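Next up, entry_14.tsv (TSV, C-alpha atoms (C1' of nucleotides)):
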```tsv
chain	number	residue	atom	x	y	z
A	785	MET	CA	0.00	0.00	0.00
A	786	GLY	CA	1.21	3.43	-0.91
A	787	THR	CA	4.14	1.98	-2.82
A	788	LYS	CA	5.27	3.37	-6.14
A	789	GLY	CA	3.91	0.27	-7.87
A	790	GLU	CA	0.40	0.68	-6.58
A	791	GLY	CA	0.47	4.30	-7.69
A	792	ASN	CA	1.37	3.24	-11.21
A	793	ARG	CA	-1.30	0.57	-11.18
A	794	GLN	CA	-3.92	3.16	-10.33
A	795	ARG	CA	-2.64	5.54	-12.99
A	796	ILE	CA	-2.99	2.79	-15.58
A	797	ILE	CA	-6.56	2.10	-14.43
A	798	ASP	CA	-7.51	5.78	-14.50
A	799	ALA	CA	-6.07	6.33	-17.98
A	800	ALA	CA	-7.68	3.14	-19.29
A	801	ASP	CA	-10.99	4.15	-17.73
A	802	ASN	CA	-10.99	7.40	-19.63
A	803	LEU	CA	-9.75	5.89	-22.90
A	804	PHE	CA	-12.22	2.99	-22.82
A	805	TYR	CA	-14.94	5.63	-22.56
A	806	ARG	CA	-13.62	8.04	-25.22
A	807	ARG	CA	-12.42	5.48	-27.77
A	808	GLY	CA	-14.01	2.21	-26.73
A	809	TYR	CA	-12.39	-0.88	-25.26
A	810	ASN	CA	-11.32	-2.51	-28.49
A	811	GLN	CA	-10.03	0.73	-29.97
A	812	THR	CA	-7.81	1.47	-26.98
A	813	SER	CA	-4.30	0.09	-27.34
A	814	PHE	CA	-1.61	-0.37	-24.71
A	815	GLN	CA	0.30	2.30	-26.60
A	816	ASP	CA	-2.59	4.73	-26.00
A	817	ILE	CA	-2.46	4.02	-22.27
A	818	SER	CA	1.31	4.31	-22.33
A	819	ASP	CA	1.09	7.69	-24.05
A	820	ALA	CA	-1.46	8.91	-21.50
A	821	THR	CA	0.52	7.80	-18.46
A	822	GLY	CA	4.14	7.88	-19.57
A	823	ILE	CA	4.45	4.29	-18.36
A	824	PRO	CA	6.10	2.01	-20.96
A	825	ARG	CA	3.92	-0.62	-22.65
A	826	GLY	CA	5.87	-3.61	-21.39
A	827	ASN	CA	5.46	-2.46	-17.82
A	828	PHE	CA	1.72	-3.07	-17.88
A	829	TYR	CA	2.27	-6.80	-17.73
A	830	TYR	CA	3.77	-6.46	-14.30
A	831	TYR	CA	0.37	-5.26	-13.06
A	832	PHE	CA	-2.03	-7.05	-15.40
A	833	LYS	CA	-1.57	-10.35	-17.19
A	834	THR	CA	-3.95	-9.43	-20.04
A	835	LYS	CA	-6.00	-6.57	-21.40
A	836	ASP	CA	-9.08	-8.31	-19.97
A	837	GLU	CA	-7.66	-7.80	-16.49
A	838	ILE	CA	-7.33	-4.08	-17.12
A	839	LEU	CA	-11.00	-4.05	-18.10
A	840	ASP	CA	-11.86	-5.89	-14.91
A	841	ALA	CA	-9.93	-3.33	-12.85
A	842	VAL	CA	-11.56	-0.44	-14.73
A	843	VAL	CA	-15.05	-1.79	-14.08
A	844	SER	CA	-14.23	-2.34	-10.40
A	845	SER	CA	-12.98	1.23	-10.24
A	846	ARG	CA	-16.17	2.51	-11.84
A	847	VAL	CA	-18.29	0.47	-9.44
A	848	GLU	CA	-16.44	1.95	-6.51
A	849	GLU	CA	-16.77	5.47	-7.87
A	850	LEU	CA	-20.48	5.00	-8.49
A	851	SER	CA	-20.89	3.55	-5.00
A	852	ASN	CA	-19.38	6.67	-3.54
A	853	MET	CA	-21.67	8.84	-5.63
A	854	LEU	CA	-24.71	6.88	-4.47
A	855	SER	CA	-23.56	7.05	-0.85
A	856	GLN	CA	-23.21	10.79	-1.15
A	857	CYS	CA	-26.69	10.91	-2.62
A	858	GLU	CA	-27.99	8.92	0.36
A	859	ALA	CA	-26.19	11.25	2.75
A	860	GLU	CA	-27.85	14.33	1.28
A	861	THR	CA	-31.43	13.25	1.80
A	862	ASN	CA	-33.44	10.46	3.38
A	863	ASP	CA	-36.29	10.97	0.92
A	864	ALA	CA	-36.04	8.18	-1.65
A	865	ARG	CA	-37.95	10.23	-4.19
A	866	GLN	CA	-35.45	13.08	-3.86
A	867	ARG	CA	-32.64	10.56	-4.21
A	868	LEU	CA	-34.08	9.31	-7.49
A	869	LEU	CA	-34.44	12.85	-8.76
A	870	MET	CA	-30.84	13.54	-7.85
A	871	PHE	CA	-29.78	10.33	-9.58
A	872	SER	CA	-31.51	11.45	-12.77
A	873	ASN	CA	-29.51	14.69	-12.69
A	874	MET	CA	-26.52	12.68	-13.89
A	875	LEU	CA	-27.76	13.01	-17.47
A	876	GLU	CA	-27.41	16.79	-17.61
A	877	ASP	CA	-24.41	16.88	-15.29
A	878	LYS	CA	-22.49	14.76	-17.79
A	879	ARG	CA	-24.20	16.33	-20.80
A	880	ASP	CA	-21.12	17.19	-22.87
A	881	ASP	CA	-19.49	13.81	-22.32
A	882	VAL	CA	-22.74	12.01	-23.06
A	883	ILE	CA	-23.19	13.81	-26.36
A	884	GLN	CA	-19.64	13.09	-27.43
A	885	SER	CA	-19.17	9.52	-26.22
A	886	GLY	CA	-22.49	8.18	-24.92
A	887	CYS	CA	-22.90	6.53	-21.53
A	888	PRO	CA	-19.71	4.92	-20.17
A	889	ILE	CA	-21.65	1.93	-18.86
A	890	GLY	CA	-24.19	1.51	-21.65
A	891	SER	CA	-21.76	1.96	-24.51
A	892	LEU	CA	-19.25	-0.44	-22.96
A	893	SER	CA	-21.94	-3.06	-22.42
A	894	THR	CA	-23.18	-2.82	-25.99
A	895	GLU	CA	-19.67	-2.87	-27.41
A	896	LEU	CA	-18.79	-6.00	-25.45
A	897	ALA	CA	-22.11	-7.68	-26.26
A	898	LYS	CA	-20.67	-8.19	-29.72
A	899	ASP	CA	-18.85	-11.53	-29.59
A	900	GLU	CA	-17.30	-10.80	-26.19
A	901	ALA	CA	-19.87	-12.24	-23.79
A	902	GLU	CA	-17.47	-12.83	-20.88
A	903	LEU	CA	-16.29	-9.24	-21.03
A	904	GLN	CA	-19.86	-7.97	-21.23
A	905	ALA	CA	-20.60	-9.86	-18.01
A	906	ILE	CA	-17.78	-7.95	-16.34
A	907	SER	CA	-19.14	-4.63	-17.55
A	908	ARG	CA	-22.61	-5.58	-16.30
A	909	GLN	CA	-21.46	-5.18	-12.69
A	910	ALA	CA	-21.79	-1.42	-13.00
A	911	PHE	CA	-25.33	-1.69	-14.37
A	912	THR	CA	-26.28	-4.12	-11.62
A	913	LEU	CA	-25.08	-1.72	-8.95
A	914	LEU	CA	-27.26	1.08	-10.31
A	915	ARG	CA	-30.23	-1.20	-10.88
A	916	ASP	CA	-30.14	-2.50	-7.31
A	917	TRP	CA	-29.75	0.95	-5.82
A	918	VAL	CA	-32.63	2.43	-7.83
A	919	LYS	CA	-34.74	-0.61	-7.02
A	920	GLN	CA	-34.08	-0.08	-3.33
A	921	GLN	CA	-35.24	3.54	-3.53
A	922	PHE	CA	-38.51	2.49	-5.14
A	923	GLU	CA	-38.93	-0.27	-2.53
A	924	THR	CA	-38.42	2.24	0.26
A	925	LEU	CA	-41.36	4.13	-1.20
A	926	GLY	CA	-43.48	1.00	-0.88
A	927	LEU	CA	-43.74	0.21	-4.59
A	928	ALA	CA	-44.25	-3.47	-5.35
A	929	ASN	CA	-42.72	-3.53	-8.84
A	930	ALA	CA	-39.55	-1.76	-7.76
A	931	ASP	CA	-37.22	-3.76	-10.02
A	932	ASP	CA	-39.37	-3.10	-13.07
A	933	LEU	CA	-39.35	0.60	-12.25
A	934	ALA	CA	-35.58	0.51	-11.83
A	935	MET	CA	-35.17	-1.05	-15.28
A	936	ASP	CA	-37.57	1.52	-16.72
A	937	LEU	CA	-35.66	4.44	-15.24
A	938	LEU	CA	-32.30	3.17	-16.48
A	939	ALA	CA	-33.81	2.42	-19.91
A	940	ARG	CA	-35.11	5.98	-20.18
A	941	MET	CA	-31.73	7.41	-19.34
A	942	GLN	CA	-29.99	5.06	-21.78
A	943	GLY	CA	-32.45	5.88	-24.55
A	944	ALA	CA	-32.03	9.60	-24.10
A	945	THR	CA	-28.26	9.11	-24.14
A	946	VAL	CA	-28.17	7.06	-27.34
A	947	MET	CA	-30.35	9.55	-29.24
A	948	ALA	CA	-28.64	12.66	-27.89
A	949	CYS	CA	-25.27	11.19	-28.81
A	950	ALA	CA	-26.46	10.15	-32.27
A	951	PHE	CA	-27.81	13.62	-33.09
A	952	LYS	CA	-25.40	15.62	-30.90
A	953	ASP	CA	-28.46	17.19	-29.33
A	954	ALA	CA	-27.98	18.88	-25.94
A	955	ASP	CA	-31.57	20.14	-25.87
A	956	PHE	CA	-32.88	16.62	-26.08
A	957	ILE	CA	-30.89	15.73	-22.96
A	958	ALA	CA	-32.46	18.62	-21.10
A	959	ARG	CA	-35.98	17.81	-22.24
A	960	SER	CA	-35.56	14.09	-21.51
A	961	GLN	CA	-34.32	14.81	-18.02
A	962	ARG	CA	-37.39	16.95	-17.34
A	963	ASP	CA	-39.64	14.15	-18.62
A	964	ILE	CA	-37.82	11.58	-16.49
A	965	LYS	CA	-38.28	13.70	-13.39
A	966	GLU	CA	-41.98	14.04	-14.14
A	967	TRP	CA	-42.16	10.29	-14.55
A	968	ILE	CA	-40.40	9.71	-11.21
A	969	ASN	CA	-42.82	12.07	-9.52
A	970	SER	CA	-45.82	10.42	-11.15
A	971	LYS	CA	-44.70	7.03	-9.86
A	972	THR	CA	-43.71	8.11	-6.36
A	973	MET	CA	-46.27	10.75	-5.39
A	974	ASN	CA	-49.78	9.89	-4.37
B	214	MET	CA	-26.02	-4.11	-64.09
B	215	GLY	CA	-26.48	-7.77	-63.40
B	216	THR	CA	-22.81	-8.47	-64.08
B	217	LYS	CA	-20.79	-10.84	-61.98
B	218	GLY	CA	-19.01	-7.87	-60.45
B	219	GLU	CA	-22.13	-6.20	-59.16
B	220	GLY	CA	-23.20	-9.52	-57.66
B	221	ASN	CA	-19.95	-9.72	-55.75
B	222	ARG	CA	-20.27	-6.14	-54.65
B	223	GLN	CA	-23.66	-6.84	-53.14
B	224	ARG	CA	-22.41	-10.01	-51.46
B	225	ILE	CA	-19.64	-7.99	-49.80
B	226	ILE	CA	-22.16	-5.43	-48.58
B	227	ASP	CA	-24.53	-8.05	-47.22
B	228	ALA	CA	-21.78	-9.91	-45.38
B	229	ALA	CA	-20.33	-6.67	-44.01
B	230	ASP	CA	-23.80	-5.55	-42.93
B	231	ASN	CA	-24.24	-8.67	-40.85
B	232	LEU	CA	-20.70	-8.64	-39.44
B	233	PHE	CA	-20.81	-4.94	-38.53
B	234	TYR	CA	-23.93	-5.76	-36.54
B	235	ARG	CA	-22.69	-8.96	-34.86
B	236	ARG	CA	-19.10	-7.91	-34.17
B	237	GLY	CA	-19.05	-4.16	-34.60
B	238	TYR	CA	-17.45	-2.08	-37.35
B	239	ASN	CA	-13.96	-1.86	-35.87
B	240	GLN	CA	-13.91	-5.53	-34.91
B	241	THR	CA	-14.79	-6.67	-38.42
B	242	SER	CA	-11.76	-7.34	-40.59
B	243	PHE	CA	-11.52	-7.78	-44.35
B	244	GLN	CA	-10.52	-11.35	-43.56
B	245	ASP	CA	-13.86	-11.84	-41.77
B	246	ILE	CA	-15.76	-10.58	-44.80
B	247	SER	CA	-13.58	-12.71	-47.05
B	248	ASP	CA	-14.32	-15.81	-44.95
B	249	ALA	CA	-18.06	-15.07	-45.05
B	250	THR	CA	-18.22	-14.54	-48.82
B	251	GLY	CA	-15.38	-16.63	-50.21
B	252	ILE	CA	-14.16	-13.51	-52.03
B	253	PRO	CA	-10.42	-12.90	-51.52
B	254	ARG	CA	-9.37	-9.92	-49.40
B	255	GLY	CA	-7.48	-8.12	-52.14
B	256	ASN	CA	-10.52	-8.22	-54.37
B	257	PHE	CA	-12.45	-5.85	-52.12
B	258	TYR	CA	-10.37	-2.93	-53.31
B	259	TYR	CA	-11.76	-3.30	-56.78
B	260	TYR	CA	-15.19	-2.39	-55.39
B	261	PHE	CA	-14.28	-0.12	-52.45
B	262	LYS	CA	-11.25	2.09	-52.03
B	263	THR	CA	-11.35	1.97	-48.22
B	264	LYS	CA	-13.16	0.29	-45.34
B	265	ASP	CA	-15.05	3.57	-44.86
B	266	GLU	CA	-16.61	3.10	-48.27
B	267	ILE	CA	-17.87	-0.32	-47.27
B	268	LEU	CA	-19.50	1.29	-44.25
B	269	ASP	CA	-21.09	3.89	-46.49
B	270	ALA	CA	-22.49	1.17	-48.75
B	271	VAL	CA	-23.75	-0.82	-45.75
B	272	VAL	CA	-25.57	2.19	-44.32
B	273	SER	CA	-27.10	2.94	-47.73
B	274	SER	CA	-28.22	-0.66	-47.93
B	275	ARG	CA	-29.79	-0.43	-44.48
B	276	VAL	CA	-31.54	2.81	-45.37
B	277	GLU	CA	-33.01	1.21	-48.46
B	278	GLU	CA	-34.12	-1.87	-46.53
B	279	LEU	CA	-35.73	0.29	-43.85
B	280	SER	CA	-37.42	2.40	-46.52
B	281	ASN	CA	-38.98	-0.72	-47.95
B	282	MET	CA	-40.15	-1.79	-44.51
B	283	LEU	CA	-41.72	1.62	-43.87
B	284	SER	CA	-43.38	1.60	-47.30
B	285	GLN	CA	-44.85	-1.80	-46.55
B	286	CYS	CA	-46.08	-0.42	-43.25
B	287	GLU	CA	-47.73	2.47	-45.09
B	288	ALA	CA	-49.31	0.07	-47.55
B	289	GLU	CA	-50.92	-1.97	-44.80
B	290	THR	CA	-52.87	0.85	-43.18
B	291	ASN	CA	-53.67	4.51	-43.65
B	292	ASP	CA	-54.10	5.03	-39.91
B	293	ALA	CA	-50.93	6.75	-38.68
B	294	ARG	CA	-51.53	5.48	-35.16
B	295	GLN	CA	-51.65	1.89	-36.41
B	296	ARG	CA	-48.49	2.54	-38.38
B	297	LEU	CA	-46.68	3.68	-35.27
B	298	LEU	CA	-47.88	0.63	-33.37
B	299	MET	CA	-46.62	-1.58	-36.19
B	300	PHE	CA	-43.33	0.25	-36.15
B	301	SER	CA	-42.91	-0.45	-32.44
B	302	ASN	CA	-43.37	-4.16	-33.12
B	303	MET	CA	-39.84	-4.20	-34.48
B	304	LEU	CA	-38.51	-4.57	-30.94
B	305	GLU	CA	-40.11	-7.95	-30.31
B	306	ASP	CA	-39.80	-9.06	-33.92
B	307	LYS	CA	-36.03	-8.75	-33.64
B	308	ARG	CA	-35.95	-9.79	-29.99
B	309	ASP	CA	-33.26	-12.45	-30.18
B	310	ASP	CA	-30.92	-10.32	-32.27
B	311	VAL	CA	-31.50	-7.30	-30.04
B	312	ILE	CA	-30.62	-9.26	-26.90
B	313	GLN	CA	-27.47	-10.63	-28.45
B	314	SER	CA	-26.14	-7.62	-30.37
B	315	GLY	CA	-28.27	-4.57	-29.53
B	316	CYS	CA	-29.80	-2.31	-32.16
B	317	PRO	CA	-27.94	-2.31	-35.50
B	318	ILE	CA	-28.42	1.44	-35.86
B	319	GLY	CA	-27.99	2.53	-32.26
B	320	SER	CA	-24.98	0.38	-31.52
B	321	LEU	CA	-23.24	1.45	-34.72
B	322	SER	CA	-23.88	5.11	-33.97
B	323	THR	CA	-22.52	4.83	-30.44
B	324	GLU	CA	-19.50	2.83	-31.56
B	325	LEU	CA	-18.62	5.42	-34.20
B	326	ALA	CA	-19.28	8.34	-31.85
B	327	LYS	CA	-15.99	7.40	-30.21
B	328	ASP	CA	-13.32	9.32	-32.10
B	329	GLU	CA	-14.84	8.59	-35.51
B	330	ALA	CA	-17.18	11.56	-36.02
B	331	GLU	CA	-17.25	11.40	-39.83
B	332	LEU	CA	-18.26	7.76	-39.74
B	333	GLN	CA	-20.91	8.44	-37.13
B	334	ALA	CA	-22.42	11.02	-39.48
B	335	ILE	CA	-22.73	8.32	-42.13
B	336	SER	CA	-24.45	5.97	-39.71
B	337	ARG	CA	-26.83	8.75	-38.68
B	338	GLN	CA	-28.60	8.55	-42.04
B	339	ALA	CA	-30.49	5.48	-40.85
B	340	PHE	CA	-31.62	7.22	-37.68
B	341	THR	CA	-32.70	10.27	-39.64
B	342	LEU	CA	-34.84	8.17	-41.94
B	343	LEU	CA	-36.70	6.63	-39.00
B	344	ARG	CA	-36.98	9.94	-37.16
B	345	ASP	CA	-38.51	11.68	-40.18
B	346	TRP	CA	-40.93	8.87	-40.87
B	347	VAL	CA	-42.14	8.68	-37.27
B	348	LYS	CA	-42.41	12.45	-37.16
B	349	GLN	CA	-44.59	12.40	-40.25
B	350	GLN	CA	-46.95	9.90	-38.66
B	351	PHE	CA	-47.39	12.11	-35.61
B	352	GLU	CA	-47.88	15.13	-37.86
B	353	THR	CA	-50.59	13.32	-39.79
B	354	LEU	CA	-52.38	12.91	-36.48
B	355	GLY	CA	-52.27	16.67	-36.01
B	356	LEU	CA	-49.73	16.74	-33.20
B	357	ALA	CA	-47.72	19.96	-33.03
B	358	ASN	CA	-44.59	18.56	-31.36
B	359	ALA	CA	-44.24	15.71	-33.81
B	360	ASP	CA	-40.44	15.77	-33.95
B	361	ASP	CA	-40.15	15.69	-30.17
B	362	LEU	CA	-42.50	12.73	-30.08
B	363	ALA	CA	-40.45	11.00	-32.76
B	364	MET	CA	-37.28	11.43	-30.73
B	365	ASP	CA	-39.10	10.18	-27.62
B	366	LEU	CA	-40.34	7.06	-29.37
B	367	LEU	CA	-36.93	6.21	-30.77
B	368	ALA	CA	-35.33	6.92	-27.39
B	369	ARG	CA	-37.70	4.53	-25.67
B	370	MET	CA	-36.92	1.79	-28.14
B	371	GLN	CA	-33.18	2.42	-27.84
B	372	GLY	CA	-33.34	2.42	-24.05
B	373	ALA	CA	-35.23	-0.85	-23.93
B	374	THR	CA	-32.70	-2.32	-26.34
B	375	VAL	CA	-29.62	-1.28	-24.37
B	376	MET	CA	-30.99	-2.64	-21.10
B	377	ALA	CA	-32.37	-5.87	-22.59
B	378	CYS	CA	-29.03	-6.49	-24.28
B	379	ALA	CA	-27.06	-5.69	-21.11
B	380	PHE	CA	-29.10	-8.10	-18.97
B	381	LYS	CA	-30.02	-10.57	-21.74
B	382	ASP	CA	-33.64	-10.05	-20.72
B	383	ALA	CA	-36.31	-11.05	-23.25
B	384	ASP	CA	-39.13	-10.31	-20.82
B	385	PHE	CA	-38.01	-6.71	-20.53
B	386	ILE	CA	-38.32	-6.35	-24.30
B	387	ALA	CA	-41.88	-7.64	-24.17
B	388	ARG	CA	-42.86	-5.42	-21.26
B	389	SER	CA	-41.22	-2.37	-22.79
B	390	GLN	CA	-43.01	-2.91	-26.07
B	391	ARG	CA	-46.35	-3.03	-24.24
B	392	ASP	CA	-45.49	0.20	-22.42
B	393	ILE	CA	-44.45	1.87	-25.66
B	394	LYS	CA	-47.72	0.93	-27.32
B	395	GLU	CA	-49.64	2.34	-24.35
B	396	TRP	CA	-47.61	5.53	-24.68
B	397	ILE	CA	-48.34	5.77	-28.42
B	398	ASN	CA	-52.03	5.33	-27.72
B	399	SER	CA	-51.97	7.90	-24.94
B	400	LYS	CA	-50.41	10.44	-27.28
B	401	THR	CA	-52.56	9.72	-30.33
B	402	MET	CA	-56.01	8.96	-28.96
B	403	ASN	CA	-58.36	11.63	-27.75
C	451	DG	C1'	9.84	-2.70	-9.82
C	452	DT	C1'	11.27	-0.63	-14.26
C	453	DC	C1'	12.37	-0.54	-18.89
C	454	DT	C1'	14.12	-2.03	-23.73
C	455	DA	C1'	14.00	-5.14	-27.19
C	456	DT	C1'	11.58	-8.28	-29.46
C	457	DA	C1'	8.36	-12.18	-30.80
C	458	DT	C1'	4.23	-13.25	-33.26
C	459	DG	C1'	0.06	-12.24	-35.34
C	460	DT	C1'	-3.00	-9.55	-38.01
C	461	DA	C1'	-4.81	-5.11	-39.53
C	462	DG	C1'	-5.78	-2.13	-43.85
C	463	DA	C1'	-3.99	-1.28	-48.16
C	464	DT	C1'	-1.20	-1.92	-52.66
C	465	DA	C1'	1.15	-4.00	-56.90
C	466	DG	C1'	0.95	-6.50	-60.47
C	467	DA	C1'	0.27	-11.18	-62.81
C	468	DC	C1'	-3.42	-13.40	-65.13
D	1331	DG	C1'	-12.58	-8.59	-63.19
D	1332	DT	C1'	-10.02	-11.88	-60.27
D	1333	DC	C1'	-6.57	-13.38	-57.36
D	1334	DT	C1'	-1.81	-13.91	-55.00
D	1335	DA	C1'	1.87	-11.94	-52.89
D	1336	DT	C1'	3.37	-8.44	-50.29
D	1337	DC	C1'	4.01	-3.75	-47.90
D	1338	DT	C1'	3.76	-1.10	-43.70
D	1339	DA	C1'	1.87	-0.33	-39.39
D	1340	DC	C1'	0.48	-1.70	-35.12
D	1341	DA	C1'	-1.80	-5.06	-32.00
D	1342	DT	C1'	-1.01	-8.08	-27.61
D	1343	DA	C1'	2.26	-10.31	-25.29
D	1344	DT	C1'	7.04	-12.03	-23.67
D	1345	DA	C1'	12.09	-12.24	-22.29
D	1346	DG	C1'	15.40	-10.69	-19.89
D	1347	DA	C1'	18.78	-6.87	-18.54
D	1348	DC	C1'	19.05	-3.54	-14.96
```

What does this structure look like when you write it as structure tokens?
Amino acid sequence: MGTKGEGNRQRIIDAADNLFYRRGYNQTSFQDISDATGIPRGNFYYYFKTKDEILDAVVSSRVEELSNMLSQCEAETNDARQRLLMFSNMLEDKRDDVIQSGCPIGSLSTELAKDEAELQAISRQAFTLLRDWVKQQFETLGLANADDLAMDLLARMQGATVMACAFKDADFIARSQRDIKEWINSKTMN
Amino acid sequence: MGTKGEGNRQRIIDAADNLFYRRGYNQTSFQDISDATGIPRGNFYYYFKTKDEILDAVVSSRVEELSNMLSQCEAETNDARQRLLMFSNMLEDKRDDVIQSGCPIGSLSTELAKDEAELQAISRQAFTLLRDWVKQQFETLGLANADDLAMDLLARMQGATVMACAFKDADFIARSQRDIKEWINSKTMN
DNA sequence: GTCTATATGTAGATAGAC
DNA sequence: GTCTATCTACATATAGAC
């Protein structure tokens, strides 16, 4: 812990995280990561046996980061409805990135769905974390079909992302987020 | 027209179309297309100067195929609401493919959004065709915000696709399609 | 732990015989 | 129009000196 090696390992993960998002997993080479970090290509194999293991570490890092974000969200309010509304803010918060590169989780999952089933299963961990958290918020509000609602919310955000990215349309992000908030309210207010 | 050459050209396009969908554009090599068609790699350059040109031909082919599908849809009913409901059937009709590989149009667009802006613009043609057609159906029904509704419909279908593909969930496709039809009815019936 | 050199495979693209 | 041989670049991965 705290050694030089662990620092390098984390730098590789952080650079790969960003590159996998901006260029895609398959389009990111070790050379790209080397250029971004200054760490020579051959050195990577001291920390990771294969590129797959870098993906695994990147997904774990994203899961941890998302966990922290969700914990912060929980710390800010005890009202599950407010938490869901805050969660949906992610769309506009990340608007520019979303328009340029899509959703980091959704685009990775779809990329790896194509003839790389084992890798897609790794990427699914991030989706599962969000799905379970959203489900729990709906459950707290006493809704029976909480998992269905969680899938619906994530699907709406993914759909808005894919279309906004395809047409480079920031306004559509804004409008979709308003609609999603209305939908959350319609499901959680009585 | 009708020469051996044109036949080969079309066979290359058809094989590339399928491979771009199943494996992704960047993950499809000339060797893959050669294996699928039996046409030698080097021969491709007689028909296409670059891989980009194959993509362009594939997208044109998809646009034409979709145009035919929409024309058939128009031929079957004059009721724009029925047309939209038929259009939404695509999700379940292509259920197995969608779960395995996502949406051919959406996944291609998102893949090419990543550092390949010119290629993404090519892929956008297919989205634009669908968007305009759906918009026209809503307009026929006298709805003022027809383009917004078109984007919303496509976004819902894309969102259902991304999530169903991520979780390999056929039931979610079915449920989403029901919800989408309810939404279409709610917007178009008075 | 760090880095260079290199092995091995395959990518897109080209040249030129037939 | 068709096909083989080949070019150049770059991919992941390894070996081994320091």

Interatomic distance, CA of Ala379 in chain B to CA of Thr894 in chain A (Å, one decimal): 6.9 Å

Check: which chain A residues lie within 6 Å of chain B using only C-alpha atoms, as a ChimeraX atom specification: /A:806-807,885,893,897-899,939-940,942-944,947,950

12 Å contact set for Asn969 in chain A, all atoms listed in the file, chain neighbours under 3 positions out, as a list of chain:residue names: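 Neighbouring residues, sequence-local ones excluded: A:Ala864, A:Arg865, A:Gln866, A:Arg867, A:Leu868, A:Leu869, A:Ser872, A:Phe922, A:Leu925, A:Leu937, A:Arg962, A:Asp963, A:Ile964, A:Lys965, A:Glu966, A:Thr972, A:Met973, A:Asn974.
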
d(CA of Pro888 in chain A, CA of Val843 in chain A) in Å: 10.2 Å

Long-range neighbours of range 451-455 of chain C as a list in words, 10 Å cut-off, all atoms listed in the file, 3 positions minimum in chain: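 Those residues are Lys788, Gly789, Ile823, Pro824, Arg825, Gly826, Asn827 and Tyr830 of chain A; DA1345, DG1346, DA1347 and DC1348 of chain D.
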
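Atom to atom, CA of Val311 in chain B and CA of Ala359 in chain B stand 26.6 Å apart.
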
Please produce, as a tab-separated table, a per-residue contact table for chain C versus chain B (criterion: any atom at most 9 Å away, only C-alpha atoms (C1' of nucleotides) considered), showing the nearest atom pair and its distance in Å to one decimal, sorted by chain then residue number.
```
residue	atom	partner	partner_atom	distance
C:DA461	C1'	B:Ser242	CA	7.4
C:DG462	C1'	B:Lys264	CA	7.9
C:DA463	C1'	B:Thr263	CA	8.0
C:DT464	C1'	B:Gly255	CA	8.8
```

Take the residues from that selection and write them out as a CSV table (one decimal), in the coordinates of the input, keeping C-alpha atoms (C1' of nucleotides).
```csv
chain,number,residue,atom,x,y,z
C,461,DA,C1',-4.8,-5.1,-39.5
C,462,DG,C1',-5.8,-2.1,-43.8
C,463,DA,C1',-4.0,-1.3,-48.2
C,464,DT,C1',-1.2,-1.9,-52.7
```

Check: which chain D residues lie within 10 Å of chain B using all atoms listed in the file, as a PyMOL selection string: chain D and resi 1331-1334

Contacts of Met282 in chain B within 12 Å, only C-alpha atoms (C1' of nucleotides), excl. fewer than 3 positions in-chain, as a ChimeraX atom specification: /B:275-279,285-289,296,299-300,303,342-343,346

Sel. within 8 Å of pt (0.6, -6.1, -32.0), counting all atoms listed in the file, output as a PyMOL selection string: (chain C and resi 459-460) or (chain D and resi 1340-1342)

Residues within 10 Å of Asn792 in chain A, all atoms listed in the file, excluding chain neighbours under 5 positions, as number ranges by chain: A: 787, 797-798, 821-823, 827-828, 831
